[in-house]
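I have placed the structure first, in the form of structure tokens, so that the comments after it can refer back to it.
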Amino acid sequence: MIIFSLNLRGGGSRAKRKRVGYHIQKGEVDVCFIQETKLSGIESSVVKEMWGGNLVEWSHSDAIGASGGILTMLKKHFFTLNFSFRGEGFLGLCVEKEGDFNSITSLDERIGKSTHRYRREIMFFKEFIEDMELVDLPTIGGKFTLIKSNGKAMSRIDRFLLSDCFFEYWKVEGQYIGEREVSDHAPIWLKDNRKDWGPKPFKFNNMWFKHEDFDVFVEEE
């Protein structure tokens with residue numbers, strides 16, 4: 001997936017819009033985020049100029065006075081745009097991309113059924129996770145999330161897929177799979193680890209002092 005982002009500083013100029021469209025088409029962009037459009041009530045003709053063609057879906061948040069304004073454009077049929085939501089300073093979109101989310105990422109995530117016909121599905125699902133730059137968290141507790149009543153067929157078809165930023169901000173360490181109770185699907189919790197274990201250990205090698213640039217490096221850092 002190719003994403004293009006630009007602080008436009010005003011999209012009132014037709015020449016500027018066409019130039020943006022040139023970069024989008026040249027770069028074969030799939031998703032484009034434009035900030036500071038400084039436009040309100042954007043018409044489809046303006047969006048098509050900025051995209052550089054007709055095959056586009058879009059949503060926008062109006063400028064307030066002479067500042068702000070957000071426009072998000074998507075290659076048509078790349079995502080399915082379900083709805084958008086906006087507020088002061090932000091624009092959000094709910095989209096879908098083709099993919100079977102009853103899928104698994106490896107053969108050992110399903111038992112009790114023939115896995116031969118799932119190999120191609122697994123490949124597509126793993127490609128989706130990679131394309132979206134998501135992380136499939138390790139499991140804690142149980143392994144399977146769907147357990148049939150007879151206990152003979154089990155799969156891991158429920159999971160959280162997160163962006164890297166969650167690990168930095170929330171200190172997420174894994175997803176906990178609970179016990180099957182009111183449904184044939186087990187509940188899942190995201191587990192964070194905010195414990196303060198104190199300063200991290202640091203190993204120092206005395207031989208570093210012998211490097212001629214060591215003092216300079218320390219001072220610069």
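So you can find residues: chains in the structure tokens are A, B, ... in the order shown, residues in each start at 1, and ligands are numbered from 1 in order.
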
What's around Phe144 of chain A at 12 Å? Count only C-alpha atoms, leave out sequence neighbours fewer than 6 positions away in its own chain, and write the answer as a list in words. Ile104, Asp108, Glu109, Arg110, Ile111, Gly112, Gly151, Lys152, Ala153, Met154, Ser155, Arg156, Ile157, Asp158, Arg159, Gln175, Tyr176, Ile177, Gly178, Glu179, Arg180, Asp184, His185, Ala186, Pro187 and Ile188 of chain A

Report as a short mmCIF file (atom, residue, chain, number, x, y, z; two decimals) with all heavy atoms, in the first residue's frame all protein, DNA and RNA residues lying within 9 Å of Arg86 of chain A, evaluated on only C-alpha atoms, omitting residues in the same chain fewer than 4 positions from it.
```cif
data_model
loop_
_atom_site.label_atom_id
_atom_site.label_comp_id
_atom_site.auth_asym_id
_atom_site.auth_seq_id
_atom_site.Cartn_x
_atom_site.Cartn_y
_atom_site.Cartn_z
N HIS A 60 -14.04 14.67 3.77
CA HIS A 60 -13.32 15.89 4.14
C HIS A 60 -13.90 16.51 5.40
O HIS A 60 -15.04 16.23 5.80
CB HIS A 60 -13.37 16.90 3.00
CG HIS A 60 -14.69 17.61 2.89
ND1 HIS A 60 -15.81 17.02 2.35
CD2 HIS A 60 -15.07 18.86 3.28
CE1 HIS A 60 -16.83 17.87 2.40
NE2 HIS A 60 -16.41 18.99 2.96
N SER A 61 -13.08 17.33 6.01
CA SER A 61 -13.49 18.15 7.14
C SER A 61 -13.23 19.60 6.75
O SER A 61 -12.12 19.94 6.31
CB SER A 61 -12.67 17.78 8.39
OG SER A 61 -13.01 18.60 9.49
N PHE A 90 -9.76 16.87 13.38
CA PHE A 90 -9.51 15.50 12.96
C PHE A 90 -10.59 15.02 12.00
O PHE A 90 -11.71 15.54 11.96
CB PHE A 90 -9.42 14.55 14.16
CG PHE A 90 -10.74 14.26 14.82
CD1 PHE A 90 -11.55 13.23 14.38
CD2 PHE A 90 -11.18 15.03 15.90
CE1 PHE A 90 -12.77 12.96 14.99
CE2 PHE A 90 -12.39 14.76 16.52
CZ PHE A 90 -13.20 13.72 16.06
N LEU A 91 -10.22 14.02 11.23
CA LEU A 91 -11.13 13.35 10.31
C LEU A 91 -10.82 11.86 10.36
O LEU A 91 -9.68 11.45 10.19
CB LEU A 91 -10.94 13.86 8.88
CG LEU A 91 -11.67 13.11 7.76
CD1 LEU A 91 -13.18 13.27 7.90
CD2 LEU A 91 -11.21 13.61 6.39
N GLY A 92 -11.84 11.05 10.65
CA GLY A 92 -11.65 9.61 10.74
C GLY A 92 -12.49 8.88 9.72
O GLY A 92 -13.58 9.35 9.36
N LEU A 93 -12.00 7.77 9.24
CA LEU A 93 -12.72 6.96 8.26
C LEU A 93 -12.79 5.52 8.73
O LEU A 93 -11.81 4.99 9.29
CB LEU A 93 -12.04 7.00 6.89
CG LEU A 93 -12.32 8.20 5.97
CD1 LEU A 93 -11.63 9.45 6.51
CD2 LEU A 93 -11.82 7.90 4.57
#
```

Taking only C-alpha atoms into account, which of A:Leu162, A:Cys32, A:Thr139, A:Met207 comes nearest Trp189 of chain A?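 Among A:Leu162, A:Cys32, A:Thr139, A:Met207, it is A:Thr139 that comes nearest to Trp189 of chain A.
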
Run DSSP on the backbone of this structure and report the residues of segment 61-176 of chain A it assigns to alpha helix (DSSP H), as a list in words.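 Those residues are Arg119, Arg120, Glu121, Ile122, Met123, Phe124, Phe125, Lys126, Glu127, Phe128, Ile129, Glu130, Asp131, Asp164, Cys165, Phe166, Phe167, Glu168, Tyr169 and Trp170 of chain A.
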
For a test of reading the model, state the distance in Å between atom CA of Thr72 of chain A and atom CA of Arg14 of chain A, rounded to one decimal. 18.0 Å

Selection near Phe167 of chain A, 10 Å with only C-alpha atoms, sequence-local residues under 6 positions removed, as a ChimeraX atom specification: /A:135,173-174,192-193

Selected residues, all heavy atoms, written as a tab-separated table (two decimals), in the first residue's frame, please.
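Generated output (result-v9.tsv):
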```
chain	number	residue	atom	x	y	z
A	135	VAL	N	0.58	-5.82	13.67
A	135	VAL	CA	1.30	-6.81	14.46
A	135	VAL	C	0.29	-7.77	15.07
A	135	VAL	O	-0.69	-7.35	15.69
A	135	VAL	CB	2.12	-6.14	15.59
A	135	VAL	CG1	2.83	-7.20	16.43
A	135	VAL	CG2	3.13	-5.16	14.99
A	173	GLU	N	1.64	-6.20	25.99
A	173	GLU	CA	2.54	-7.36	25.97
A	173	GLU	C	1.92	-8.58	25.33
A	173	GLU	O	2.62	-9.54	25.03
A	173	GLU	CB	2.97	-7.69	27.40
A	173	GLU	CG	1.84	-8.15	28.30
A	173	GLU	CD	2.33	-8.57	29.68
A	173	GLU	OE1	3.54	-8.44	29.92
A	173	GLU	OE2	1.51	-9.02	30.49
A	174	GLY	N	0.63	-8.58	25.11
A	174	GLY	CA	0.02	-9.74	24.48
A	174	GLY	C	-1.49	-9.71	24.61
A	174	GLY	O	-2.07	-8.80	25.20
A	192	ASP	N	-1.62	-5.09	29.11
A	192	ASP	CA	-0.48	-4.18	29.07
A	192	ASP	C	0.44	-4.47	30.25
A	192	ASP	O	0.11	-5.20	31.18
A	192	ASP	CB	-0.93	-2.71	29.07
A	192	ASP	CG	-1.63	-2.32	30.37
A	192	ASP	OD1	-1.84	-3.20	31.22
A	192	ASP	OD2	-1.96	-1.14	30.52
A	193	ASN	N	1.62	-3.90	30.19
A	193	ASN	CA	2.61	-4.10	31.24
A	193	ASN	C	3.21	-2.75	31.58
A	193	ASN	O	4.15	-2.28	30.94
A	193	ASN	CB	3.70	-5.07	30.76
A	193	ASN	CG	4.72	-5.38	31.85
A	193	ASN	OD1	4.61	-4.88	32.97
A	193	ASN	ND2	5.71	-6.18	31.53
```

Would you kindly return, as a list of chain:residue names, each protein, DNA or RNA residue with an atom no farther than 10 Å from any atom of Gly27 of chain A, considering only C-alpha atoms and excluding same-chain residues fewer than 3 positions away? A:Ile2, A:Ile3, A:Phe4, A:Gly21, A:Tyr22, A:His23, A:Ile24, A:Asp30

What is the distance between atom CA of Trp170 of chain A and atom CA of Glu130 of chain A, in Å to one decimal?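 We find that atom CA of Trp170 of chain A and atom CA of Glu130 of chain A lie 21.5 Å from each other.
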
Set the distance at 12 Å and use only C-alpha atoms: which residues neighbour Gln35 of chain A once local chain neighbours fewer than 5 positions away are removed? I'd like the list as a list in words.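 Counting only C-alpha atoms, the residues come to Phe4, Ser5, Leu6, Asn7, Leu8, Arg9, Gly10, Gly11, His60, Ser61, Asp62, Ala63, Ser67, Gly68, Gly69, Ile70, Leu71, Thr72, Met73, Gly89, Phe90 and Leu91 of chain A.
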
Check the smallest atom-to-atom distance from each of A:Ile140, A:Ser106, A:Ile147, A:Glu57 to Phe83 of chain A using only C-alpha atoms, then report the winner.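 Distance minimum relative to Phe83 of chain A lands on A:Glu57.
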
Computed gap from atom CA of Leu190 of chain A to atom CA of Glu121 of chain A is 25.8 Å

Using only C-alpha atoms, determine which residues lie at most 10 Å from Gly12 of chain A, disregarding the query and same-chain residues fewer than 6 positions distant; provide the list as a list of chain:residue names.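 Here the qualifying residues turn out to be A:Thr37, A:Lys38, A:Leu39, A:Val46.
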
Just write the chosen residues, N, CA and C atoms, as a PDB file, in the first residue's frame.
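Dumped everything to part.pdb:
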```
ATOM      1  N   THR A  37      -6.280  22.278   3.755  1.00  0.00           N
ATOM      2  CA  THR A  37      -6.857  22.594   2.445  1.00  0.00           C
ATOM      3  C   THR A  37      -7.371  24.034   2.395  1.00  0.00           C
ATOM      4  N   LYS A  38      -7.754  24.542   3.572  1.00  0.00           N
ATOM      5  CA  LYS A  38      -8.332  25.887   3.694  1.00  0.00           C
ATOM      6  C   LYS A  38      -9.562  26.039   2.812  1.00  0.00           C
ATOM      7  N   LEU A  39     -10.288  24.908   2.638  1.00  0.00           N
ATOM      8  CA  LEU A  39     -11.488  24.889   1.806  1.00  0.00           C
ATOM      9  C   LEU A  39     -12.684  24.409   2.618  1.00  0.00           C
ATOM     10  N   VAL A  46     -13.296  19.318  -7.537  1.00  0.00           N
ATOM     11  CA  VAL A  46     -12.042  19.711  -6.881  1.00  0.00           C
ATOM     12  C   VAL A  46     -11.259  18.469  -6.470  1.00  0.00           C
TER      13      VAL A  46
END
```

For Glu133 of chain A: contacts at 9 Å, only C-alpha atoms, fewer than 5 positions along chain excluded, given as a tab-separated table (two decimals) with all heavy atoms, in the first residue's frame:
```
chain	number	residue	atom	x	y	z
A	128	PHE	N	-2.26	-9.58	3.97
A	128	PHE	CA	-3.05	-8.45	4.44
A	128	PHE	C	-2.43	-7.83	5.69
A	128	PHE	O	-2.27	-6.61	5.79
A	128	PHE	CB	-4.48	-8.90	4.75
A	128	PHE	CG	-5.27	-7.89	5.52
A	128	PHE	CD1	-5.86	-6.81	4.88
A	128	PHE	CD2	-5.40	-8.01	6.89
A	128	PHE	CE1	-6.57	-5.87	5.60
A	128	PHE	CE2	-6.11	-7.07	7.62
A	128	PHE	CZ	-6.70	-6.00	6.97
A	162	LEU	N	-2.68	-4.90	15.83
A	162	LEU	CA	-2.39	-3.54	16.27
A	162	LEU	C	-1.26	-2.91	15.49
A	162	LEU	O	-0.40	-3.58	14.92
A	162	LEU	CB	-2.01	-3.54	17.76
A	162	LEU	CG	-3.02	-4.10	18.76
A	162	LEU	CD1	-2.47	-3.99	20.16
A	162	LEU	CD2	-4.35	-3.38	18.65
A	163	SER	N	-1.26	-1.58	15.49
A	163	SER	CA	-0.14	-0.82	14.94
A	163	SER	C	0.98	-0.74	15.97
A	163	SER	O	0.76	-0.91	17.18
A	163	SER	CB	-0.60	0.59	14.56
A	163	SER	OG	-1.64	0.56	13.62
A	164	ASP	N	2.19	-0.45	15.49
A	164	ASP	CA	3.36	-0.40	16.37
A	164	ASP	C	3.19	0.60	17.51
A	164	ASP	O	3.72	0.39	18.61
A	164	ASP	CB	4.61	-0.03	15.56
A	164	ASP	CG	5.13	-1.21	14.75
A	164	ASP	OD1	4.87	-2.35	15.15
A	164	ASP	OD2	5.78	-0.97	13.73
```
